[in-house]
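Reproduced below: query.cif, with mmCIF, C-alpha atoms.
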data_data
#
loop_
_atom_site.label_atom_id
_atom_site.label_comp_id
_atom_site.auth_asym_id
_atom_site.auth_seq_id
_atom_site.Cartn_x
_atom_site.Cartn_y
_atom_site.Cartn_z
CA ASP A 1 93.16 86.42 90.27
CA ALA A 2 93.44 87.82 86.76
CA GLY A 3 93.94 91.55 86.43
CA VAL A 4 92.22 93.87 84.02
CA THR A 5 92.53 92.61 80.46
CA GLN A 6 92.26 94.62 77.27
CA SER A 7 92.11 93.70 73.61
CA PRO A 8 93.56 94.16 71.16
CA THR A 9 97.06 95.10 72.28
CA HIS A 10 97.82 97.15 69.21
CA LEU A 11 95.66 98.52 66.44
CA ILE A 12 96.37 100.47 63.28
CA LYS A 13 93.54 102.33 61.57
CA THR A 14 93.21 105.06 58.96
CA ARG A 15 91.48 108.39 59.30
CA GLY A 16 87.71 108.19 59.14
CA GLN A 17 87.50 104.58 60.25
CA GLN A 18 85.81 103.31 63.38
CA VAL A 19 87.39 101.27 66.17
CA THR A 20 86.15 99.17 69.09
CA LEU A 21 88.32 98.46 72.11
CA ARG A 22 87.44 95.87 74.73
CA CYS A 23 88.04 95.55 78.44
CA SER A 24 87.38 92.88 81.07
CA PRO A 25 87.51 94.05 84.68
CA ILE A 26 88.90 92.25 87.68
CA SER A 27 86.45 89.65 88.97
CA GLY A 28 84.09 91.26 91.47
CA HIS A 29 84.64 94.78 90.16
CA LYS A 30 81.50 96.45 88.87
CA SER A 31 82.91 99.70 87.55
CA VAL A 32 84.98 100.32 84.44
CA SER A 33 86.62 103.57 83.41
CA TRP A 34 88.35 104.51 80.17
CA TYR A 35 91.30 106.84 79.79
CA GLN A 36 93.25 108.19 76.84
CA GLN A 37 96.98 108.67 77.24
CA VAL A 38 98.76 110.63 74.55
CA LEU A 39 102.53 110.18 74.41
CA GLY A 40 104.28 112.19 77.08
CA GLN A 41 101.09 113.11 78.93
CA GLY A 42 99.09 111.79 81.83
CA PRO A 43 95.95 109.73 81.19
CA GLN A 44 92.77 111.72 80.50
CA PHE A 45 89.41 110.49 81.70
CA ILE A 46 86.91 109.55 78.99
CA PHE A 47 84.09 107.56 80.62
CA GLN A 48 83.08 105.70 83.72
CA TYR A 49 80.44 102.98 83.84
CA TYR A 50 78.92 101.34 86.88
CA GLU A 51 76.29 98.63 86.78
CA LYS A 52 75.88 99.21 83.04
CA GLU A 53 75.05 102.89 83.49
CA GLU A 54 77.23 105.78 82.40
CA ARG A 55 78.32 107.48 85.57
CA GLY A 56 80.67 110.10 84.26
CA ARG A 57 82.05 111.53 81.06
CA GLY A 58 85.17 113.55 80.45
CA ASN A 59 85.70 116.28 77.91
CA PHE A 60 85.67 114.19 74.75
CA PRO A 61 83.59 114.61 71.57
CA ASP A 62 80.52 112.54 70.77
CA ARG A 63 82.63 110.41 68.43
CA PHE A 64 83.60 108.57 71.60
CA SER A 65 81.03 106.21 73.08
CA ALA A 66 81.09 103.24 75.40
CA ARG A 67 78.92 100.64 77.01
CA GLN A 68 79.09 98.08 79.78
CA PHE A 69 77.68 94.60 79.55
CA PRO A 70 75.87 92.47 82.18
CA ASN A 71 79.16 90.67 82.94
CA TYR A 72 80.72 94.12 83.61
CA SER A 73 83.03 94.01 80.61
CA SER A 74 83.08 97.13 78.50
CA GLU A 75 83.65 98.42 75.00
CA LEU A 76 84.92 101.81 73.91
CA ASN A 77 83.98 102.93 70.40
CA VAL A 78 85.54 105.75 68.49
CA ASN A 79 84.01 106.87 65.19
CA ALA A 80 85.45 108.98 62.39
CA LEU A 81 89.01 108.55 63.62
CA LEU A 82 91.36 111.51 63.53
CA LEU A 83 95.15 111.50 63.62
CA GLY A 84 94.92 113.02 67.08
CA ASP A 85 93.13 109.93 68.38
CA SER A 86 96.43 108.05 68.25
CA ALA A 87 97.13 107.16 71.86
CA LEU A 88 97.29 104.46 74.48
CA TYR A 89 93.76 103.66 75.66
CA LEU A 90 93.65 102.44 79.22
CA CYS A 91 90.83 100.66 80.95
CA ALA A 92 90.57 100.63 84.73
CA SER A 93 88.27 98.72 87.02
CA SER A 94 87.19 99.35 90.59
CA ARG A 95 84.78 97.73 93.01
CA SER A 96 82.10 100.38 93.07
CA GLY A 97 83.37 103.31 91.07
CA GLY A 98 83.26 105.85 93.88
CA PRO A 99 85.94 108.56 93.99
CA SER A 100 87.78 106.87 96.86
CA ASN A 101 88.13 103.55 95.11
CA GLU A 102 91.51 102.45 93.84
CA GLN A 103 91.36 101.96 90.11
CA PHE A 104 93.31 99.05 88.71
CA PHE A 105 94.54 99.52 85.19
CA GLY A 106 94.96 97.15 82.30
CA PRO A 107 97.95 97.08 79.94
CA GLY A 108 96.20 99.31 77.42
CA THR A 109 95.48 99.26 73.71
CA ARG A 110 97.90 101.21 71.54
CA LEU A 111 95.90 102.84 68.72
CA THR A 112 97.71 104.33 65.75
CA VAL A 113 95.71 106.36 63.25
CA LEU A 114 97.37 106.90 59.87
CA ALA B 1 88.18 122.82 88.19
CA GLN B 2 90.53 120.23 89.57
CA LYS B 3 94.15 120.23 88.48
CA VAL B 4 97.33 118.32 89.28
CA THR B 5 100.77 119.73 88.58
CA GLN B 6 103.96 117.72 88.49
CA ALA B 7 106.56 120.32 87.69
CA GLN B 8 109.45 117.86 87.36
CA THR B 9 109.33 116.41 83.87
CA GLU B 10 112.37 114.20 84.31
CA ILE B 11 114.68 113.35 87.19
CA SER B 12 117.88 111.37 86.88
CA VAL B 13 119.77 110.10 89.92
CA VAL B 14 122.38 107.50 90.65
CA GLU B 15 121.30 104.30 92.36
CA LYS B 16 121.04 104.50 96.17
CA GLU B 17 120.32 108.22 96.16
CA ASP B 18 117.09 109.47 97.70
CA VAL B 19 114.69 111.23 95.37
CA THR B 20 111.50 113.23 95.92
CA LEU B 21 108.77 113.64 93.32
CA ASP B 22 106.62 116.72 93.75
CA CYS B 23 102.86 116.95 93.29
CA VAL B 24 100.70 120.06 93.73
CA TYR B 25 96.95 119.91 93.33
CA GLU B 26 93.99 122.28 93.03
CA THR B 27 90.44 121.50 94.04
CA ARG B 28 87.40 123.31 95.41
CA ASP B 29 86.11 120.24 97.23
CA THR B 30 86.76 119.74 100.93
CA THR B 31 86.66 115.97 100.45
CA TYR B 32 88.98 114.55 97.85
CA TYR B 33 91.40 111.72 97.28
CA LEU B 34 94.99 111.71 96.12
CA PHE B 35 96.76 108.85 94.42
CA TRP B 36 100.18 107.92 93.12
CA TYR B 37 100.63 105.51 90.23
CA LYS B 38 103.78 104.04 88.67
CA GLN B 39 103.96 103.40 84.93
CA PRO B 40 106.91 101.18 83.94
CA PRO B 41 107.94 100.88 80.27
CA SER B 42 105.37 98.11 79.80
CA GLY B 43 102.69 100.80 80.07
CA GLU B 44 100.44 99.37 82.76
CA LEU B 45 99.70 101.82 85.57
CA VAL B 46 100.43 100.35 88.99
CA PHE B 47 98.59 101.72 92.03
CA LEU B 48 100.92 102.82 94.85
CA ILE B 49 98.89 104.76 97.41
CA ARG B 50 95.62 106.54 98.13
CA ARG B 51 95.13 109.38 100.61
CA ASN B 52 91.89 111.12 101.58
CA SER B 53 91.78 114.82 102.36
CA PHE B 54 91.09 114.26 106.06
CA ASP B 55 94.14 112.14 106.68
CA GLU B 56 97.34 114.16 106.73
CA GLN B 57 99.45 111.51 108.34
CA ASN B 58 102.57 110.73 106.41
CA GLU B 59 102.90 107.17 105.25
CA ILE B 60 105.89 104.92 104.83
CA SER B 61 105.95 101.66 102.94
CA GLY B 62 109.38 100.15 102.72
CA ARG B 63 111.57 102.52 100.73
CA TYR B 64 108.56 104.64 99.74
CA SER B 65 107.13 107.50 101.77
CA TRP B 66 104.50 110.12 101.12
CA ASN B 67 104.15 113.59 102.60
CA PHE B 68 100.66 115.14 102.40
CA GLN B 69 100.37 118.81 103.32
CA LYS B 70 96.97 120.46 102.87
CA SER B 71 98.40 123.87 103.74
CA THR B 72 100.50 123.82 100.58
CA SER B 73 98.19 121.51 98.55
CA SER B 74 101.04 119.11 98.04
CA PHE B 75 101.36 115.33 98.09
CA ASN B 76 105.02 114.51 97.57
CA PHE B 77 106.54 111.08 97.10
CA THR B 78 110.02 110.10 98.28
CA ILE B 79 111.98 107.02 97.33
CA THR B 80 114.81 106.23 99.70
CA ALA B 81 117.90 104.38 98.51
CA SER B 82 116.63 104.28 94.93
CA GLN B 83 117.11 101.20 92.78
CA VAL B 84 117.26 100.71 89.02
CA VAL B 85 113.88 98.94 89.18
CA ASP B 86 112.34 102.21 90.38
CA SER B 87 112.89 103.69 86.92
CA ALA B 88 109.44 104.55 85.54
CA VAL B 89 107.04 107.40 84.99
CA TYR B 90 105.22 108.34 88.17
CA PHE B 91 101.81 110.00 88.13
CA CYS B 92 100.01 111.87 90.85
CA ALA B 93 96.21 111.93 90.52
CA LEU B 94 93.21 113.54 92.19
CA SER B 95 89.61 112.45 92.58
CA GLU B 96 86.87 114.70 93.95
CA SER B 97 83.90 113.43 95.92
CA GLY B 98 81.41 115.99 94.70
CA GLY B 99 79.51 115.87 91.36
CA GLY B 100 81.43 115.74 88.16
CA ALA B 101 82.82 112.85 86.29
CA ASP B 102 84.27 110.83 89.15
CA GLY B 103 87.29 110.12 87.03
CA LEU B 104 90.87 110.61 88.09
CA THR B 105 92.65 113.81 87.09
CA PHE B 106 96.30 113.02 86.44
CA GLY B 107 99.37 115.20 86.36
CA LYS B 108 101.68 115.00 83.37
CA GLY B 109 103.99 112.63 85.18
CA THR B 110 107.61 112.62 86.25
CA HIS B 111 110.00 110.37 84.37
CA LEU B 112 112.39 108.94 86.95
CA ILE B 113 115.66 107.49 85.72
CA ILE B 114 117.81 105.58 88.17
CA GLN B 115 121.29 105.04 86.83
CA PRO B 116 123.38 102.12 88.06
#

Any chance you could put this one into structure tokens?
Amino acid sequence: DAGVTQSPTHLIKTRGQQVTLRCSPISGHKSVSWYQQVLGQGPQFIFQYYEKEERGRGNFPDRFSARQFPNYSSELNVNALLLGDSALYLCASSRSGGPSNEQFFGPGTRLTVL
Amino acid sequence: AQKVTQAQTEISVVEKEDVTLDCVYETRDTTYYLFWYKQPPSGELVFLIRRNSFDEQNEISGRYSWNFQKSTSSFNFTITASQVVDSAVYFCALSESGGGADGLTFGKGTHLIIQP
């Protein structure tokens, strides 16, 4: 079975631009979570979606938004990019999204903001 | 608020040595879940183990073992007879069952270097 896939792999944007990152979960998984990992740090939780509904949100500004589609894939949008948004963005999927579920991570999208 | 501390930023050992990675957590919930993930240079986080707060039994999986002690809020990870392929960044993470975001709270990670 295919794992979690993310696109694109790398992305370079300039300050003020907008970006959309995409994620496809493991088949059968209905929950997708997004994390931001700045170099040298652990991943930080941004959003969780389950059955197309936002289930949780971390401490990120409103410039960050996401959605989940009927096929359970997801998009993360970031508006008005700042230099500090440069990071590895990880998507994780799980069967039901509960706190006990193992989350399986994709390879990430490396975003560089110039 | 929940918090995970991995005090060891980097550990370097010679192959075949045993090594223990420390993890200390803080939570107000009585039900919570602890995880370890491995992040090789490729960047993809690999799930290693999950433990719930009611199960303090130690676990062994091949060369890997985990020691969960609620009394000290610790969930340490030991690799026995380390190998070069074990080189990676290892993250400890916590998930609470009560309200909140339901996301994982990660520590800052321990960079493990196994030298041949």

Inset, instruction - Enumerate, as a PyMOL selection string, the residues matched when the PyMOL selection byres ((chain A and resi 52) around 7) is run on the file above. - result: chain A and resi 49-51+53-54+67-70

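Within 12 Å of Leu83 of chain A, once all atoms listed in the file are used and residues closer than 6 positions along the same chain are dropped, the contacting residues are Ile12, Lys13, Thr14, Arg15, Gly16, Gln17, Val38, Leu111, Thr112, Val113 and Leu114 of chain A.
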
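Picked by the PyMOL selection byres ((chain A) within 8 of (chain B)) from the coordinates shown: Ser33, Gly40, Gln41, Gly42, Pro43, Gln44, Phe45, Phe47, Gln48, Arg55, Gly56, Arg57, Gly58, Gly97, Gly98, Pro99, Ser100, Glu102, Gln103, Phe104, Phe105, Gly106, Pro107 and Gly108 of chain A.
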
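Computed from the coordinates, the atom CA of Gly3 of chain A to atom CA of Ser53 of chain B distance equals 28.3 Å.
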
Inset, instruction - Can you turn the PyMOL selection byres ((chain A and resi 19) around 12) into a concrete residue list for this file, as a ChimeraX atom specification? - result: /A:7-8,10-18,20-22,63-66,75-82,85-86,89,109-113

Those same residues - C-alpha atoms - I'd like them written as a tab-separated table (two decimals), in the coordinates of the input.
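File produced: out_31.tsv:
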chain	number	residue	atom	x	y	z
A	7	SER	CA	92.11	93.70	73.61
A	8	PRO	CA	93.56	94.16	71.16
A	10	HIS	CA	97.82	97.15	69.21
A	11	LEU	CA	95.66	98.52	66.44
A	12	ILE	CA	96.37	100.47	63.28
A	13	LYS	CA	93.54	102.33	61.57
A	14	THR	CA	93.21	105.06	58.96
A	15	ARG	CA	91.48	108.39	59.30
A	16	GLY	CA	87.71	108.19	59.14
A	17	GLN	CA	87.50	104.58	60.25
A	18	GLN	CA	85.81	103.31	63.38
A	20	THR	CA	86.15	99.17	69.09
A	21	LEU	CA	88.32	98.46	72.11
A	22	ARG	CA	87.44	95.87	74.73
A	63	ARG	CA	82.63	110.41	68.43
A	64	PHE	CA	83.60	108.57	71.60
A	65	SER	CA	81.03	106.21	73.08
A	66	ALA	CA	81.09	103.24	75.40
A	75	GLU	CA	83.65	98.42	75.00
A	76	LEU	CA	84.92	101.81	73.91
A	77	ASN	CA	83.98	102.93	70.40
A	78	VAL	CA	85.54	105.75	68.49
A	79	ASN	CA	84.01	106.87	65.19
A	80	ALA	CA	85.45	108.98	62.39
A	81	LEU	CA	89.01	108.55	63.62
A	82	LEU	CA	91.36	111.51	63.53
A	85	ASP	CA	93.13	109.93	68.38
A	86	SER	CA	96.43	108.05	68.25
A	89	TYR	CA	93.76	103.66	75.66
A	109	THR	CA	95.48	99.26	73.71
A	110	ARG	CA	97.90	101.21	71.54
A	111	LEU	CA	95.90	102.84	68.72
A	112	THR	CA	97.71	104.33	65.75
A	113	VAL	CA	95.71	106.36	63.25

Inset, instruction - Pick out the closest residue to Trp36 of chain B from this set: B:Val19, B:Gln115, B:Ser71, B:Gln6. Count all atoms listed in the file. - result: B:Gln6

Skip Thr72 of chain B itself and residues of its chain fewer than 4 positions away, then list as a PDB file with C-alpha atoms, keeping the file's coordinate frame all residues within 9 Å of it, counting all atoms listed in the file.
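The resulting around.pdb:
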ATOM      1  CA  VAL B  24     100.700 120.060  93.730  1.00  0.00           C
ATOM      2  CA  TYR B  25      96.950 119.910  93.330  1.00  0.00           C
ATOM      3  CA  PHE B  68     100.660 115.140 102.400  1.00  0.00           C
TER       4      PHE B  68
END
